[in-house]
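Listing of work.txt, compact mmCIF, C-alpha atoms and all ligand atoms
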```
# COMPACT_ATOMS: atom_id res chain seq x y z
CA MET A 208 0.00 0.00 0.00
CA ASP A 209 1.26 3.42 -0.83
CA ILE A 210 1.06 5.28 2.40
CA LYS A 211 0.32 8.54 0.63
CA SER A 212 -2.61 7.05 -1.16
CA GLY A 213 -4.45 6.62 2.09
CA HIS A 214 -5.48 3.90 4.39
CA PRO A 215 -7.74 1.06 3.38
CA SER A 216 -10.10 1.96 6.17
CA PRO A 217 -12.55 4.83 5.74
CA VAL A 218 -11.21 8.22 6.62
CA MET A 219 -12.63 8.95 10.02
CA THR A 220 -13.79 12.30 11.14
CA ASP A 221 -13.02 13.39 14.65
CA SER A 222 -15.52 12.25 17.19
CA PRO A 223 -16.53 14.55 20.01
CA GLN A 224 -14.26 12.46 22.16
CA ILE A 225 -11.12 13.49 20.34
CA SER A 226 -12.10 16.77 18.78
CA ASN A 227 -11.27 20.10 20.29
CA SER A 228 -14.86 20.63 21.30
CA ARG A 229 -13.99 20.15 24.93
CA LEU A 230 -10.87 22.20 24.74
CA THR A 231 -11.41 25.02 27.14
CA VAL A 232 -9.40 28.10 26.42
CA ARG A 233 -9.53 31.04 28.72
CA GLN A 234 -9.11 33.88 26.33
CA SER A 235 -10.41 37.20 27.51
CA ARG A 236 -7.55 39.13 25.93
CA PRO A 237 -4.95 38.45 23.28
CA PRO A 238 -2.88 35.47 24.28
CA HIS A 239 0.79 35.43 24.87
CA SER A 240 2.31 38.85 24.19
CA SER A 241 5.95 38.11 24.64
CA SER A 242 8.57 40.12 22.84
CA SER A 243 10.08 36.81 21.88
CA SER A 244 9.73 36.30 18.17
CA GLN A 245 10.03 32.61 18.82
CA ASN A 246 6.93 32.37 20.92
CA ASN A 247 5.03 34.90 18.82
CA ASN A 248 5.34 32.34 16.07
CA LEU A 249 3.80 29.76 18.32
CA LEU A 250 0.77 31.71 19.46
CA LEU A 251 -2.32 29.58 19.40
CA THR A 252 -5.11 31.34 17.60
CA VAL A 253 -8.27 30.68 19.53
CA PRO A 254 -11.69 32.26 19.34
CA ARG A 255 -12.46 34.83 21.97
CA LYS A 256 -14.89 33.39 24.45
CA LYS A 257 -18.36 34.87 24.59
CA THR A 258 -18.89 37.05 27.58
CA GLY A 259 -21.61 36.31 30.05
CA ILE A 260 -20.83 32.64 30.48
CA ILE A 261 -20.85 32.13 34.19
CA ASP A 262 -18.17 30.07 35.87
CA ASP A 263 -20.67 27.43 37.01
CA VAL A 264 -21.52 26.70 33.41
CA LYS A 265 -17.84 26.29 32.56
CA ALA A 266 -17.24 24.01 35.49
CA ASN A 267 -20.30 21.96 34.55
CA ALA A 268 -19.01 21.65 31.00
CA TRP A 269 -15.68 20.46 32.32
CA PHE A 270 -17.48 18.01 34.57
CA ASP A 271 -19.41 16.60 31.61
CA ALA A 272 -16.15 16.25 29.71
CA MET A 273 -14.58 14.50 32.69
CA ILE A 274 -17.40 11.96 32.70
CA ALA A 275 -17.11 11.41 28.95
CA SER A 276 -13.34 11.02 28.88
CA SER A 277 -13.08 8.96 32.04
CA PRO A 278 -15.47 6.02 32.17
CA THR A 279 -16.44 4.99 35.67
CA PRO A 280 -15.53 1.48 36.88
CA ALA A 281 -19.09 0.37 36.14
CA LEU A 282 -18.78 1.49 32.56
CA VAL A 283 -15.37 -0.10 32.19
CA ASN A 284 -16.71 -3.43 33.43
CA LYS A 285 -19.59 -3.17 31.03
CA ASP A 286 -17.07 -2.55 28.28
CA ASN A 287 -15.48 -5.90 28.99
CA ASP A 288 -18.54 -7.95 28.18
CA ALA A 289 -18.86 -10.19 25.18
CA THR A 290 -20.72 -7.62 23.11
CA THR A 291 -17.97 -5.08 23.53
CA ASP A 292 -15.38 -7.71 22.73
CA MET A 293 -17.15 -8.35 19.47
CA THR A 294 -17.34 -4.62 18.80
CA TYR A 295 -13.62 -4.38 19.51
CA ARG A 296 -12.84 -7.20 17.12
CA GLU A 297 -14.88 -5.50 14.41
CA TRP A 298 -13.11 -2.24 15.17
CA THR A 299 -9.70 -3.83 14.68
CA GLN A 300 -10.79 -5.75 11.61
CA VAL A 301 -12.48 -2.95 9.76
CA LYS A 302 -11.23 0.42 10.97
CA TYR A 303 -8.01 0.22 12.90
CA PRO A 304 -6.28 -3.08 12.16
CA SER A 305 -3.91 -4.50 14.72
CA ALA A 306 -0.34 -3.45 13.98
CA LEU A 307 0.64 -7.02 14.92
CA THR A 308 -1.67 -8.90 12.59
CA THR A 309 -0.92 -6.47 9.77
CA PHE A 310 2.77 -6.26 10.60
CA GLU A 311 3.92 -7.67 7.27
CA LYS A 312 1.77 -5.19 5.42
CA ILE A 313 3.27 -2.31 7.41
CA MET A 314 6.76 -3.61 6.74
CA SER A 315 6.06 -3.89 3.03
CA VAL A 316 5.57 -0.11 3.13
CA ALA A 317 8.65 0.32 5.34
CA LYS A 318 10.92 -1.62 3.01
CA GLY A 319 13.65 0.66 1.73
CA LYS A 320 12.63 3.40 4.11
CA ARG A 321 14.15 4.67 7.31
CA ILE A 322 11.83 4.16 10.25
CA ALA A 323 11.68 6.78 13.00
CA LEU A 324 9.88 5.69 16.11
CA PHE A 325 7.90 7.86 18.52
CA LEU A 326 6.45 6.43 21.69
CA ASP A 327 4.10 7.84 24.27
CA TYR A 328 4.83 6.63 27.80
CA ASP A 329 1.79 6.19 30.10
CA GLY A 330 -0.60 3.56 28.83
CA THR A 331 1.77 2.79 25.97
CA LEU A 332 5.02 1.62 27.53
CA SER A 333 3.66 1.41 31.06
CA PRO A 334 0.28 0.32 32.37
CA ILE A 335 -2.15 2.95 33.61
CA VAL A 336 -1.98 2.74 37.39
CA GLU A 337 -3.84 4.29 40.27
CA GLU A 338 -0.79 6.18 41.51
CA PRO A 339 0.82 8.25 38.71
CA ASP A 340 4.22 8.18 40.42
CA ALA A 341 4.20 4.39 40.25
CA ALA A 342 3.74 4.04 36.48
CA TYR A 343 6.87 1.98 36.04
CA MET A 344 7.69 0.19 32.83
CA SER A 345 8.73 -3.43 33.04
CA THR A 346 12.31 -4.54 32.59
CA ASP A 347 11.24 -6.47 29.51
CA MET A 348 9.68 -3.34 28.03
CA ARG A 349 12.81 -1.32 28.75
CA THR A 350 14.89 -3.96 26.98
CA ALA A 351 12.50 -3.91 24.03
CA VAL A 352 12.78 -0.10 23.75
CA GLN A 353 16.55 -0.28 24.12
CA ASN A 354 16.79 -2.86 21.35
CA VAL A 355 14.54 -1.01 18.96
CA ALA A 356 16.54 2.20 19.53
CA LYS A 357 19.68 0.41 18.28
CA TYR A 358 18.11 0.25 14.84
CA PHE A 359 15.76 3.23 14.63
CA PRO A 360 15.93 6.76 16.02
CA THR A 361 13.53 6.62 18.94
CA ALA A 362 11.83 9.34 20.95
CA ILE A 363 9.56 9.28 23.96
CA ILE A 364 6.86 11.95 23.80
CA SER A 365 4.91 12.36 27.01
CA GLY A 366 2.74 14.76 28.95
CA ARG A 367 4.93 14.10 31.95
CA SER A 368 7.86 16.30 32.81
CA ARG A 369 10.97 15.37 30.88
CA ASP A 370 12.84 14.53 34.07
CA LYS A 371 10.06 12.25 35.24
CA VAL A 372 9.71 10.33 32.02
CA TYR A 373 13.49 9.97 31.80
CA GLU A 374 13.47 8.64 35.33
CA PHE A 375 10.91 6.01 34.31
CA VAL A 376 12.60 5.00 31.05
CA GLY A 377 16.24 5.52 31.97
CA LEU A 378 17.74 5.10 28.49
CA SER A 379 20.15 7.90 27.59
CA GLU A 380 20.25 7.01 23.89
CA LEU A 381 16.68 8.21 23.28
CA TYR A 382 15.19 11.61 22.52
CA TYR A 383 12.77 12.78 25.19
CA ALA A 384 9.94 15.25 24.75
CA GLY A 385 8.27 16.02 28.07
CA SER A 386 5.39 18.36 28.91
CA HIS A 387 3.50 17.39 25.73
CA GLY A 388 6.54 18.20 23.61
CA MET A 389 7.35 21.57 25.20
CA ASP A 390 10.59 20.29 26.70
CA ILE A 391 12.71 18.30 24.28
CA MET A 392 16.07 16.75 25.06
CA SER A 393 18.52 15.15 22.71
CA PRO A 394 20.66 12.16 23.54
CA ALA A 395 24.09 13.22 24.76
CA GLY A 396 26.16 14.74 21.99
CA GLU A 397 23.24 15.15 19.57
CA SER A 398 21.89 18.54 18.53
CA LEU A 399 18.37 19.91 18.17
CA TYR A 400 17.32 22.18 15.34
CA HIS A 401 14.19 23.87 14.06
CA LYS A 402 14.33 25.98 10.91
CA HIS A 403 11.12 27.89 11.60
CA LEU A 404 12.22 29.41 14.85
CA THR A 405 13.86 32.78 14.54
CA ARG A 406 15.87 32.58 17.68
CA THR A 407 17.45 29.60 19.24
CA VAL A 408 16.05 28.25 22.42
CA SER A 409 18.37 25.32 22.44
CA ILE A 410 20.30 25.07 25.63
CA ASN A 411 23.37 23.05 26.31
CA GLU A 412 22.95 21.59 29.71
CA GLN A 413 24.30 18.92 31.90
CA PHE A 414 21.73 16.22 32.53
CA GLN A 415 22.71 13.43 34.84
CA GLY A 416 26.36 14.13 34.14
CA LYS A 417 26.07 14.33 30.36
CA ASP A 418 25.95 17.24 27.92
CA VAL A 419 22.56 17.35 26.27
CA ASN A 420 20.74 19.77 24.02
CA LEU A 421 17.38 21.14 25.13
CA PHE A 422 14.61 22.77 23.16
CA GLN A 423 11.98 24.49 25.28
CA THR A 424 9.16 26.37 23.61
CA ALA A 425 7.45 27.71 26.71
CA SER A 426 10.20 28.58 29.15
CA GLU A 427 8.83 32.03 29.87
CA PHE A 428 5.63 30.47 31.18
CA LEU A 429 7.47 28.74 33.99
CA PRO A 430 6.87 31.39 36.70
CA MET A 431 3.17 31.41 35.89
CA ILE A 432 2.97 27.62 35.85
CA ASP A 433 4.72 27.45 39.21
CA LYS A 434 2.27 29.93 40.69
CA VAL A 435 -0.75 28.06 39.36
CA LEU A 436 0.70 24.79 40.60
CA CYS A 437 0.89 26.14 44.16
CA SER A 438 -2.68 27.50 43.94
CA LEU A 439 -4.03 24.19 42.65
CA VAL A 440 -2.28 22.19 45.37
CA GLU A 441 -3.78 24.52 47.96
CA SER A 442 -7.30 24.65 46.52
CA THR A 443 -7.65 20.88 46.08
CA LYS A 444 -5.92 19.79 49.28
CA ASP A 445 -9.20 18.85 50.98
CA ILE A 446 -10.48 16.69 48.13
CA LYS A 447 -9.53 13.13 48.93
CA GLY A 448 -7.67 11.36 46.15
CA VAL A 449 -6.69 14.40 44.08
CA LYS A 450 -3.11 14.49 42.87
CA VAL A 451 -1.67 17.65 41.36
CA GLU A 452 1.37 16.71 39.30
CA ASP A 453 4.09 19.16 38.35
CA ASN A 454 4.94 18.41 34.73
CA ARG A 455 7.16 21.48 34.51
CA PHE A 456 5.59 23.28 31.55
CA CYS A 457 2.14 21.96 32.31
CA ILE A 458 0.18 20.70 35.27
CA SER A 459 -1.90 17.55 35.63
CA VAL A 460 -4.74 17.31 38.09
CA HIS A 461 -5.46 13.61 38.47
CA TYR A 462 -8.88 12.57 39.73
CA ARG A 463 -8.52 8.83 39.17
CA ASN A 464 -8.70 8.22 42.91
CA VAL A 465 -11.38 10.81 43.63
CA GLU A 466 -14.92 9.62 44.40
CA ASP A 467 -17.23 10.27 41.46
CA LYS A 468 -19.40 12.55 43.58
CA ASN A 469 -16.43 14.89 44.05
CA TRP A 470 -15.39 15.18 40.39
CA LYS A 471 -17.48 18.32 40.00
CA LEU A 472 -15.69 19.83 42.96
CA VAL A 473 -12.37 19.13 41.26
CA ALA A 474 -13.61 20.87 38.10
CA GLN A 475 -14.76 23.85 40.13
CA CYS A 476 -11.45 24.16 41.99
CA VAL A 477 -9.47 24.08 38.75
CA ASP A 478 -11.82 26.57 37.14
CA ASP A 479 -11.51 28.93 40.10
CA VAL A 480 -7.73 28.92 39.85
CA ILE A 481 -7.12 29.19 36.13
CA LYS A 482 -9.92 31.61 35.26
CA THR A 483 -7.56 34.48 35.95
CA TYR A 484 -4.90 33.07 33.63
CA PRO A 485 -5.92 33.69 30.03
CA LYS A 486 -2.56 32.42 28.84
CA LEU A 487 -3.35 28.95 30.08
CA ARG A 488 -5.73 26.38 28.64
CA LEU A 489 -7.24 23.19 29.91
CA THR A 490 -7.54 19.84 28.16
CA HIS A 491 -9.00 16.52 29.25
CA GLY A 492 -7.12 13.25 29.46
CA ARG A 493 -7.90 9.91 31.02
CA LYS A 494 -9.07 10.92 34.50
CA VAL A 495 -6.82 13.92 34.40
CA LEU A 496 -7.28 17.63 33.76
CA GLU A 497 -4.26 19.16 32.09
CA ILE A 498 -3.35 22.82 32.23
CA ARG A 499 -0.81 24.19 29.79
CA PRO A 500 0.25 27.41 28.05
CA VAL A 501 -1.78 28.74 25.16
CA ILE A 502 0.85 28.24 22.51
CA ASP A 503 0.63 26.50 19.18
CA TRP A 504 2.65 23.51 20.24
CA ASP A 505 1.61 19.95 20.87
CA LYS A 506 2.84 16.41 20.38
CA GLY A 507 2.33 16.75 16.63
CA LYS A 508 4.57 19.82 16.51
CA ALA A 509 7.12 18.03 18.66
CA LEU A 510 7.06 15.09 16.26
CA THR A 511 7.73 17.38 13.29
CA PHE A 512 10.46 19.17 15.22
CA LEU A 513 12.17 15.89 16.03
CA LEU A 514 11.97 14.73 12.42
CA GLU A 515 13.63 17.99 11.39
CA SER A 516 16.29 17.60 14.02
CA LEU A 517 16.97 14.10 12.83
CA GLY A 518 17.21 15.26 9.22
CA LEU A 519 14.21 13.08 8.41
CA ASN A 520 11.68 15.81 7.73
CA ASN A 521 9.73 15.63 4.49
CA CYS A 522 11.76 12.74 3.11
CA GLU A 523 10.18 10.20 0.76
CA ASP A 524 12.28 7.42 2.21
CA VAL A 525 11.28 7.95 5.84
CA LEU A 526 8.47 6.18 7.63
CA PRO A 527 7.64 7.72 11.01
CA ILE A 528 5.63 5.52 13.36
CA TYR A 529 3.98 7.00 16.44
CA VAL A 530 2.49 4.77 19.12
CA GLY A 531 0.27 6.30 21.79
CA ASP A 532 -2.94 5.89 23.74
CA ASP A 533 -3.90 9.40 24.73
CA ARG A 534 -6.09 12.07 23.21
CA THR A 535 -3.03 14.31 23.07
CA ASP A 536 -1.39 11.72 20.81
CA GLU A 537 -4.06 12.44 18.21
CA ASP A 538 -2.16 15.62 17.25
CA ALA A 539 0.78 13.46 16.25
CA PHE A 540 -1.42 10.88 14.49
CA LYS A 541 -2.95 13.70 12.48
CA VAL A 542 0.47 15.00 11.43
CA LEU A 543 1.36 11.55 10.11
CA ARG A 544 -1.99 11.15 8.38
CA ASP A 545 -2.02 14.61 6.76
CA GLY A 546 1.64 14.80 5.73
CA PRO A 547 3.99 15.90 4.39
CA ASN A 548 5.65 13.59 6.90
CA TYR A 549 3.42 10.66 6.07
CA GLY A 550 3.57 7.81 8.49
CA TYR A 551 1.57 5.54 10.71
CA GLY A 552 -0.14 6.39 13.96
CA VAL A 553 -0.79 3.36 16.13
CA LEU A 554 -3.48 3.83 18.78
CA VAL A 555 -3.14 1.80 21.95
CA SER A 556 -6.64 1.04 23.14
CA ALA A 557 -8.63 -1.88 24.47
CA MET A 558 -11.84 -0.13 23.52
CA PRO A 559 -13.10 1.09 20.16
CA LYS A 560 -12.40 4.77 19.61
CA VAL A 561 -12.36 7.17 16.71
CA SER A 562 -8.81 8.17 15.97
CA ASN A 563 -6.48 9.73 13.45
CA ALA A 564 -4.28 6.66 13.80
CA PHE A 565 -4.06 4.00 11.07
CA TYR A 566 -3.48 0.97 13.24
CA SER A 567 -4.10 -0.21 16.78
CA LEU A 568 -2.57 -2.23 19.57
CA ARG A 569 -4.57 -3.41 22.53
CA ASP A 570 -2.24 -2.66 25.45
CA PRO A 571 1.41 -2.15 26.43
CA SER A 572 2.11 -5.88 26.15
CA GLU A 573 1.14 -5.71 22.48
CA VAL A 574 3.28 -2.59 22.11
CA MET A 575 6.22 -4.61 23.39
CA GLU A 576 5.49 -7.38 20.88
CA PHE A 577 5.37 -4.77 18.13
CA LEU A 578 8.74 -3.33 19.18
CA LYS A 579 10.26 -6.81 19.24
CA ALA A 580 8.82 -7.53 15.81
CA LEU A 581 10.43 -4.36 14.45
CA VAL A 582 13.81 -5.52 15.75
CA THR A 583 13.36 -9.02 14.32
CA TRP A 584 12.34 -7.56 10.96
CA LYS A 585 15.33 -5.21 10.86
CA ARG A 586 17.75 -7.98 11.79
CA SER A 587 16.27 -10.20 9.09
CA LEU A 588 17.28 -7.62 6.49
CA GLY A 589 20.91 -8.30 7.41
MG MG A 601 -0.48 7.88 27.31
```

If you convert what's in this file into structure tokens, what do you get?
Ligand SMILES: [Mg+2]
Amino acid sequence: MDIKSGHPSPVMTDSPQISNSRLTVRQSRPPHSSSSSQNNNLLLTVPRKKTGIIDDVKANAWFDAMIASSPTPALVNKDNDATTDMTYREWTQVKYPSALTTFEKIMSVAKGKRIALFLDYDGTLSPIVEEPDAAYMSTDMRTAVQNVAKYFPTAIISGRSRDKVYEFVGLSELYYAGSHGMDIMSPAGESLYHKHLTRTVSINEQFQGKDVNLFQTASEFLPMIDKVLCSLVESTKDIKGVKVEDNRFCISVHYRNVEDKNWKLVAQCVDDVIKTYPKLRLTHGRKVLEIRPVIDWDKGKALTFLLESLGLNNCEDVLPIYVGDDRTDEDAFKVLRDGPNYGYGVLVSAMPKVSNAFYSLRDPSEVMEFLKALVTWKRSLG
């Protein structure tokens, strides 16, 4: 199959679940007004919100989105019944084929091309766990990532802070993009480059004793993020189960361990804090509210940036593959679907979803099998 000719499955339109319809942007005045030409280029153009919308309405909308993006245990159990299993099988057969069962087909496209691999972390390399700080990847998975990185340039792109995701993965030969791509680090000795930026934001820094190159698109937001982080910790401290995670350039408010009846309270607390910060926006993940700067940068932009840095941007003989499970990964899937850096998005999901990905894998164990298969395939080429 010629990747540029499209996927055999129907082209899917974004469902409400993955569209920007629940993207809440607080925008009462022009966004970021930095003198930095770099960040001016990254301003996210968003419609000005209508006035007169009371905060309760916003919080209720967030609450509805929280329900929709975070099925309750009862719903999850229901999803495991035989009917859903059948629906899942149909989903993988018709719309988003398993990247394992169609592996040979994918490799027939990859033949003669250079593969670049991009991996989300939570829910992709590690299982989703109750305690975000305990989302460890298995030793076998680490070995699989290490092996695949010997043959293909490999990057981890995560919503976590770069430091945190590095701590989990622990492989210095990889590229890391933390904070949804706003904090990118090269392997030691490698450089980072972006032709569209008019001033360099690359920083040479020592990281764990090694010289690395950093690219940070939102560094001037750090004081604001720190302030909001403190406010969120304070305002949610009495809600049992809430965890406010410092992801450096963004903040995650996890409500996985919060009783359902208190989810609305979480939404209200977050709304109360960030309503005075028009330069911040809120997005919904899996039982997490994420607050980040209003700049035109996401995992898709980070993917393109990394391809440029690797000298693989807009090359006919390059096949980027991005594996991820999160709504934020859809930005990267879309980049690969729309081109010019055509490639394959692989959605990790045990439930049918609408996605910009081409293929699917059920869970991290299947991701590991896929990584191993890539290594076996590459070795077989001699
Ligand atoms: Mg994830």

Using only C-alpha atoms and all ligand atoms, determine which residues fall within 10 Å of ligand MG 601 (chain A), then list them as a PDB file with C-alpha atoms, keeping the file's coordinate frame.
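Final output, saved to selection.pdb:
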```pdb
ATOM      1  CA  LEU A 326       6.450   6.430  21.690  1.00  0.00           C
ATOM      2  CA  ASP A 327       4.100   7.840  24.270  1.00  0.00           C
ATOM      3  CA  TYR A 328       4.830   6.630  27.800  1.00  0.00           C
ATOM      4  CA  ASP A 329       1.790   6.190  30.100  1.00  0.00           C
ATOM      5  CA  GLY A 330      -0.600   3.560  28.830  1.00  0.00           C
ATOM      6  CA  THR A 331       1.770   2.790  25.970  1.00  0.00           C
ATOM      7  CA  LEU A 332       5.020   1.620  27.530  1.00  0.00           C
ATOM      8  CA  SER A 333       3.660   1.410  31.060  1.00  0.00           C
ATOM      9  CA  PRO A 334       0.280   0.320  32.370  1.00  0.00           C
ATOM     10  CA  ILE A 335      -2.150   2.950  33.610  1.00  0.00           C
ATOM     11  CA  ILE A 364       6.860  11.950  23.800  1.00  0.00           C
ATOM     12  CA  SER A 365       4.910  12.360  27.010  1.00  0.00           C
ATOM     13  CA  GLY A 366       2.740  14.760  28.950  1.00  0.00           C
ATOM     14  CA  ARG A 367       4.930  14.100  31.950  1.00  0.00           C
ATOM     15  CA  GLY A 492      -7.120  13.250  29.460  1.00  0.00           C
ATOM     16  CA  ARG A 493      -7.900   9.910  31.020  1.00  0.00           C
ATOM     17  CA  VAL A 530       2.490   4.770  19.120  1.00  0.00           C
ATOM     18  CA  GLY A 531       0.270   6.300  21.790  1.00  0.00           C
ATOM     19  CA  ASP A 532      -2.940   5.890  23.740  1.00  0.00           C
ATOM     20  CA  ASP A 533      -3.900   9.400  24.730  1.00  0.00           C
ATOM     21  CA  ARG A 534      -6.090  12.070  23.210  1.00  0.00           C
ATOM     22  CA  THR A 535      -3.030  14.310  23.070  1.00  0.00           C
ATOM     23  CA  ASP A 536      -1.390  11.720  20.810  1.00  0.00           C
ATOM     24  CA  LEU A 554      -3.480   3.830  18.780  1.00  0.00           C
ATOM     25  CA  VAL A 555      -3.140   1.800  21.950  1.00  0.00           C
TER      26      VAL A 555
END
```

**Item:** Atom pair CA of Asp340 in chain A / CA of Leu378 in chain A: separation (Å)
**Value:** 18.3 Å

**Item:** Spatial neighbours of range 437-445 of chain A, max dist 9 Å, only C-alpha atoms, sep filter under 4 positions, as a ChimeraX atom specification
**Value:** /A:432-433,449-452,460,472-473,476-477,479-481

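If you look at CA of Ile528 in chain A and CA of Val355 in chain A, they are 12.4 Å away from each other.
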
**Request:** Tell me, as number ranges by chain, which residues lie within 12 Å of Ser572 in chain A, counting all atoms listed in the file; anything in the same chain fewer than 4 positions away does not count.
**Result:** A: 307, 330-334, 344-345, 347-349, 351, 555-557, 568, 576-579

**Request:** For Glu337 in chain A, list every protein, DNA or RNA residue within 10 Å, evaluated using all atoms listed in the file, and leave out those in the same chain fewer than 4 positions away; present the list as a count of residues only.
**Result:** 7

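Minimum atom-to-atom distance to Asp271 in chain A, evaluated using all atoms listed in the file, belongs to A:Trp470 out of A:Phe540, A:Trp470, A:Tyr400, A:Tyr383.
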
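Residue nearest Pro485 in chain A, chosen from A:Val525, A:Met431, A:Leu381, A:Leu581 and counting all atoms listed in the file: A:Met431.
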
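In this structure, CA of Val542 in chain A sits 5.8 Å away from CA of Gly507 in chain A.
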
Counting only C-alpha atoms, which residues have an atom no more than 10 Å from (13.4, 4.9, 3.2) in the file's coordinates? Please list them as a PDB file with C-alpha atoms, in the frame of the given file.
```pdb
ATOM      1  CA  VAL A 316       5.570  -0.110   3.130  1.00  0.00           C
ATOM      2  CA  ALA A 317       8.650   0.320   5.340  1.00  0.00           C
ATOM      3  CA  LYS A 318      10.920  -1.620   3.010  1.00  0.00           C
ATOM      4  CA  GLY A 319      13.650   0.660   1.730  1.00  0.00           C
ATOM      5  CA  LYS A 320      12.630   3.400   4.110  1.00  0.00           C
ATOM      6  CA  ARG A 321      14.150   4.670   7.310  1.00  0.00           C
ATOM      7  CA  ILE A 322      11.830   4.160  10.250  1.00  0.00           C
ATOM      8  CA  LEU A 519      14.210  13.080   8.410  1.00  0.00           C
ATOM      9  CA  CYS A 522      11.760  12.740   3.110  1.00  0.00           C
ATOM     10  CA  GLU A 523      10.180  10.200   0.760  1.00  0.00           C
ATOM     11  CA  ASP A 524      12.280   7.420   2.210  1.00  0.00           C
ATOM     12  CA  VAL A 525      11.280   7.950   5.840  1.00  0.00           C
ATOM     13  CA  LEU A 526       8.470   6.180   7.630  1.00  0.00           C
TER      14      LEU A 526
END
```

**Item:** Non-local contacts of Ser379 in chain A (9 Å; only C-alpha atoms; under 3 positions in same chain excluded) as a PyMOL selection string
**Value:** chain A and resi 373+376+382+393-395

**Minimum-distance residue to Gly518 in chain A, chosen among A:Glu297, A:Asp467, A:Asp503, A:Glu397 (using all atoms listed in the file)** = A:Glu397

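For the set A:Arg369, A:Met575, A:Gly589, A:Val561, the residue with the smallest atom-to-atom gap to Trp298 in chain A is A:Val561, counting all atoms listed in the file.
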